[in-house]
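Undergrad: Provided herewith: start01.cif, mmCIF, C-alpha atoms.
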data_structure
loop_
_atom_site.label_atom_id
_atom_site.label_comp_id
_atom_site.auth_asym_id
_atom_site.auth_seq_id
_atom_site.Cartn_x
_atom_site.Cartn_y
_atom_site.Cartn_z
CA MET U 1 36.30 23.88 -48.49
CA ALA U 2 32.94 24.18 -46.82
CA LEU U 3 32.05 26.27 -43.82
CA SER U 4 30.97 24.44 -40.70
CA ARG U 5 29.34 25.93 -37.64
CA GLU U 6 31.63 23.89 -35.41
CA GLN U 7 33.04 26.03 -32.62
CA ALA U 8 36.72 26.81 -33.09
CA PRO U 9 38.95 24.97 -30.58
CA ALA U 10 40.72 27.28 -28.12
CA GLY U 11 44.17 25.99 -29.07
CA ARG U 12 43.67 26.78 -32.74
CA ARG U 13 42.34 30.23 -31.90
CA LEU U 14 45.37 30.91 -29.74
CA GLY U 15 47.69 29.65 -32.47
CA ALA U 16 46.02 31.91 -35.05
CA ALA U 17 46.32 34.89 -32.69
CA VAL U 18 50.04 34.23 -32.19
CA VAL U 19 50.61 33.99 -35.96
CA ASP U 20 48.67 37.23 -36.50
CA VAL U 21 50.63 39.12 -33.84
CA LEU U 22 53.93 37.92 -35.36
CA ILE U 23 52.78 39.05 -38.82
CA ALA U 24 51.72 42.43 -37.43
CA MET U 25 55.01 42.87 -35.59
CA ALA U 26 57.02 42.02 -38.73
CA GLY U 27 56.20 45.53 -39.93
CA LEU U 28 58.47 46.88 -37.22
CA LEU U 29 61.47 44.93 -38.56
CA PRO U 30 62.99 47.90 -40.47
CA ALA U 31 63.09 49.88 -37.21
CA VAL U 32 64.90 47.05 -35.48
CA VAL U 33 67.38 46.75 -38.36
CA GLY U 34 67.92 50.52 -38.40
CA LEU U 35 68.58 50.66 -34.68
CA THR U 36 70.92 47.67 -34.93
CA ILE U 37 72.94 49.33 -37.70
CA MET U 38 73.09 52.57 -35.73
CA MET U 39 74.37 50.80 -32.63
CA ALA U 40 76.78 48.48 -34.43
CA ARG U 41 78.28 50.82 -37.01
CA GLY U 42 77.33 54.29 -35.98
CA ASN U 43 75.85 55.05 -39.43
CA PRO U 44 73.02 57.43 -38.58
CA ASP U 45 71.97 58.13 -42.20
CA VAL U 46 70.94 54.63 -43.23
CA ALA U 47 69.88 53.72 -39.74
CA GLY U 48 67.78 56.86 -39.37
CA VAL U 49 65.88 56.20 -42.60
CA LEU U 50 65.25 52.55 -41.73
CA THR U 51 64.26 53.45 -38.20
CA GLY U 52 61.83 56.13 -39.42
CA ILE U 53 60.27 53.84 -42.03
CA GLY U 54 60.06 51.03 -39.52
CA TYR U 55 58.60 53.16 -36.78
CA TYR U 56 55.94 55.00 -38.77
CA GLY U 57 55.24 52.46 -41.48
CA GLY U 58 55.50 49.54 -39.08
CA SER U 59 53.20 51.18 -36.56
CA ALA U 60 50.64 51.89 -39.28
CA TRP U 61 50.88 48.29 -40.54
CA LEU U 62 50.54 46.94 -36.98
CA LEU U 63 47.43 49.01 -36.29
CA ILE U 64 45.74 48.31 -39.62
CA TYR U 65 46.48 44.59 -39.57
CA LEU U 66 45.40 44.02 -35.98
CA LEU U 67 42.13 45.92 -36.43
CA PHE U 68 41.13 44.68 -39.89
CA ARG U 69 42.79 41.24 -40.09
CA ASP U 70 39.49 39.36 -40.27
CA ALA U 71 37.92 41.62 -42.91
CA PHE U 72 38.75 39.45 -45.92
CA SER U 73 36.31 36.53 -45.95
CA GLY U 74 36.50 36.48 -42.15
CA ARG U 75 39.94 34.93 -42.28
CA SER U 76 43.17 36.54 -41.12
CA LEU U 77 46.42 34.93 -42.24
CA GLY U 78 46.62 33.12 -38.90
CA LYS U 79 43.05 31.87 -39.22
CA ARG U 80 43.72 30.72 -42.79
CA MET U 81 46.74 28.75 -41.63
CA LEU U 82 44.79 27.07 -38.84
CA GLY U 83 41.49 26.52 -40.65
CA LEU U 84 39.30 29.06 -38.85
CA GLN U 85 36.85 31.74 -39.95
CA VAL U 86 34.96 34.62 -38.35
CA VAL U 87 31.27 34.48 -39.29
CA SER U 88 28.16 36.48 -38.49
CA VAL U 89 25.99 34.79 -35.87
CA THR U 90 22.80 35.93 -37.62
CA ASP U 91 23.35 34.52 -41.10
CA GLY U 92 26.67 32.61 -41.05
CA ARG U 93 28.26 34.85 -43.65
CA PRO U 94 31.99 35.56 -43.40
CA GLY U 95 32.95 38.53 -41.24
CA ASN U 96 33.27 41.85 -43.04
CA LEU U 97 35.30 45.04 -42.61
CA ILE U 98 32.99 46.61 -40.02
CA GLN U 99 32.70 43.41 -38.00
CA SER U 100 36.48 42.93 -38.06
CA PHE U 101 37.01 46.44 -36.77
CA ALA U 102 34.33 46.08 -34.05
CA ARG U 103 35.57 42.73 -32.73
CA ASN U 104 39.21 43.76 -32.70
CA VAL U 105 38.87 47.32 -31.40
CA VAL U 106 37.06 46.00 -28.32
CA PHE U 107 39.99 43.73 -27.55
CA TRP U 108 42.62 46.44 -28.03
CA LEU U 109 40.67 49.05 -26.04
CA LEU U 110 40.42 46.59 -23.16
CA ALA U 111 44.09 45.70 -23.64
CA LEU U 112 45.02 49.33 -22.96
CA PHE U 113 43.86 48.67 -19.41
CA LEU U 114 45.51 45.22 -19.42
CA VAL U 115 42.17 43.49 -18.85
CA GLY U 116 41.79 42.57 -22.52
CA PHE U 117 44.63 40.07 -22.34
CA VAL U 118 42.84 38.22 -19.52
CA LEU U 119 39.13 38.97 -19.92
CA GLU U 120 38.78 38.28 -23.64
CA PRO U 121 40.46 34.82 -23.64
CA LEU U 122 38.58 33.80 -20.47
CA MET U 123 35.31 34.83 -22.04
CA ALA U 124 36.10 32.79 -25.16
CA LEU U 125 36.97 29.77 -23.00
CA PHE U 126 33.89 29.81 -20.83
CA GLN U 127 31.17 31.21 -23.08
CA ALA U 128 29.00 28.52 -24.74
CA ARG U 129 30.04 29.27 -28.35
CA GLY U 130 33.50 30.57 -27.49
CA ARG U 131 32.55 34.17 -28.18
CA ARG U 132 34.56 36.97 -26.61
CA LEU U 133 33.34 40.51 -25.91
CA GLY U 134 34.53 41.65 -29.33
CA ASP U 135 32.44 38.91 -30.95
CA PHE U 136 29.36 40.09 -29.06
CA ALA U 137 30.02 43.69 -30.15
CA ALA U 138 30.40 42.62 -33.79
CA GLY U 139 27.76 39.89 -33.85
CA THR U 140 30.33 37.26 -34.81
CA GLU U 141 31.81 33.96 -33.73
CA VAL U 142 34.86 31.96 -34.81
CA VAL U 143 34.21 28.57 -36.40
CA VAL U 144 36.17 25.78 -38.04
CA TYR U 145 36.62 26.24 -41.80
CA GLU U 146 36.88 22.82 -43.47
#
Translate the structure described by the file into structure tokens.
TA:
Amino acid sequence: MALSREQAPAGRRLGAAVVDVLIAMAGLLPAVVGLTIMMARGNPDVAGVLTGIGYYGGSAWLLIYLLFRDAFSGRSLGKRMLGLQVVSVTDGRPGNLIQSFARNVVFWLLALFLVGFVLEPLMALFQARGRRLGDFAAGTEVVVYE
């Protein structure tokens, strides 16, 4: 497949984001299973271990995945599935670890104040190349990967 500089369609970006959030949240599944066992059977030993693993391990997975998901060739699992890639605006190279962190930490810091969930998508919709604040911070944009 060859990289294009075609702007990524908003629908595909949204789809990739949904896939990525579901993948990140899957790490919390052991906690859900542990709590379910505890409530259904009252077995605190197994449930406590699963809940602890799920809570701490799942939270670590969630944080790491959501911050660094675009670090590998600029393509998170969601972006791979939907044919998208994060690239540097200066040279067109795939996004790297630092750029992934920069573009995603901006979103999540803004999300803490609930403006990230509104401001970032609006910016991507109305900015000429579909870049959000995180993309400006990282010097990146999302393009179609053919």
Undergrad: Step by step, work through what the PyMOL selection byres ((chain U and resi 141) around 12) selects in the shown file, and finish by giving those residues as a ChimeraX atom specification.
TA: /U:4-9,13,70,74-75,84-95,99-100,103,124,127-140,142-144
Undergrad: Contacts of Asn96 (chain U) at 7 Å or less, counting all atoms listed in the file, minus same-chain residues fewer than 5 places along, as a short mmCIF file (atom, residue, chain, number, x, y, z; two decimals) with C-alpha atoms, in the frame of the given file?
TA:
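New file out-v7.cif:
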data_model
loop_
_atom_site.label_atom_id
_atom_site.label_comp_id
_atom_site.auth_asym_id
_atom_site.auth_seq_id
_atom_site.Cartn_x
_atom_site.Cartn_y
_atom_site.Cartn_z
CA ALA U 71 37.92 41.62 -42.91
CA PHE U 72 38.75 39.45 -45.92
CA SER U 73 36.31 36.53 -45.95
CA GLY U 74 36.50 36.48 -42.15
#
Undergrad: Enter the distance from CA of Val33 (chain U) to CA of Leu66 (chain U), in Å, rounded to one decimal.
TA: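 Spanning CA of Val33 (chain U) to CA of Leu66 (chain U) is a straight-line distance of 22.3 Å.
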Undergrad: Nearest to Arg69 (chain U): which of U:Leu97, U:Ile37, U:Val49, U:Leu122 is it, counting only C-alpha atoms?
TA: U:Leu97
Undergrad: I'd like the residues picked by the PyMOL selection byres ((chain U and resi 14-28) around 6) written out as a VMD selection string, using the chain letters and numbers from the file.
TA: chain U and resid 11 to 13 29 to 31 54 58 62 78 to 79
Undergrad: Interatomic distance between CA of Leu35 (chain U) and CA of Gly48 (chain U)?
TA: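 Atom-to-atom, CA of Leu35 (chain U) to CA of Gly48 (chain U), that is 7.8 Å.
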Undergrad: For CA of Ala10 (chain U) and CA of Phe113 (chain U), quote the distance in Å rounded to one decimal.
TA: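 For CA of Ala10 (chain U) relative to CA of Phe113 (chain U), the distance reads 23.3 Å.
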Undergrad: Using only C-alpha atoms, which of U:Val105, U:Met81, U:Ala40, U:Ile53 sits nearest Tyr65 (chain U)?
TA: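 Under the stated criterion, the closest residue is U:Val105.
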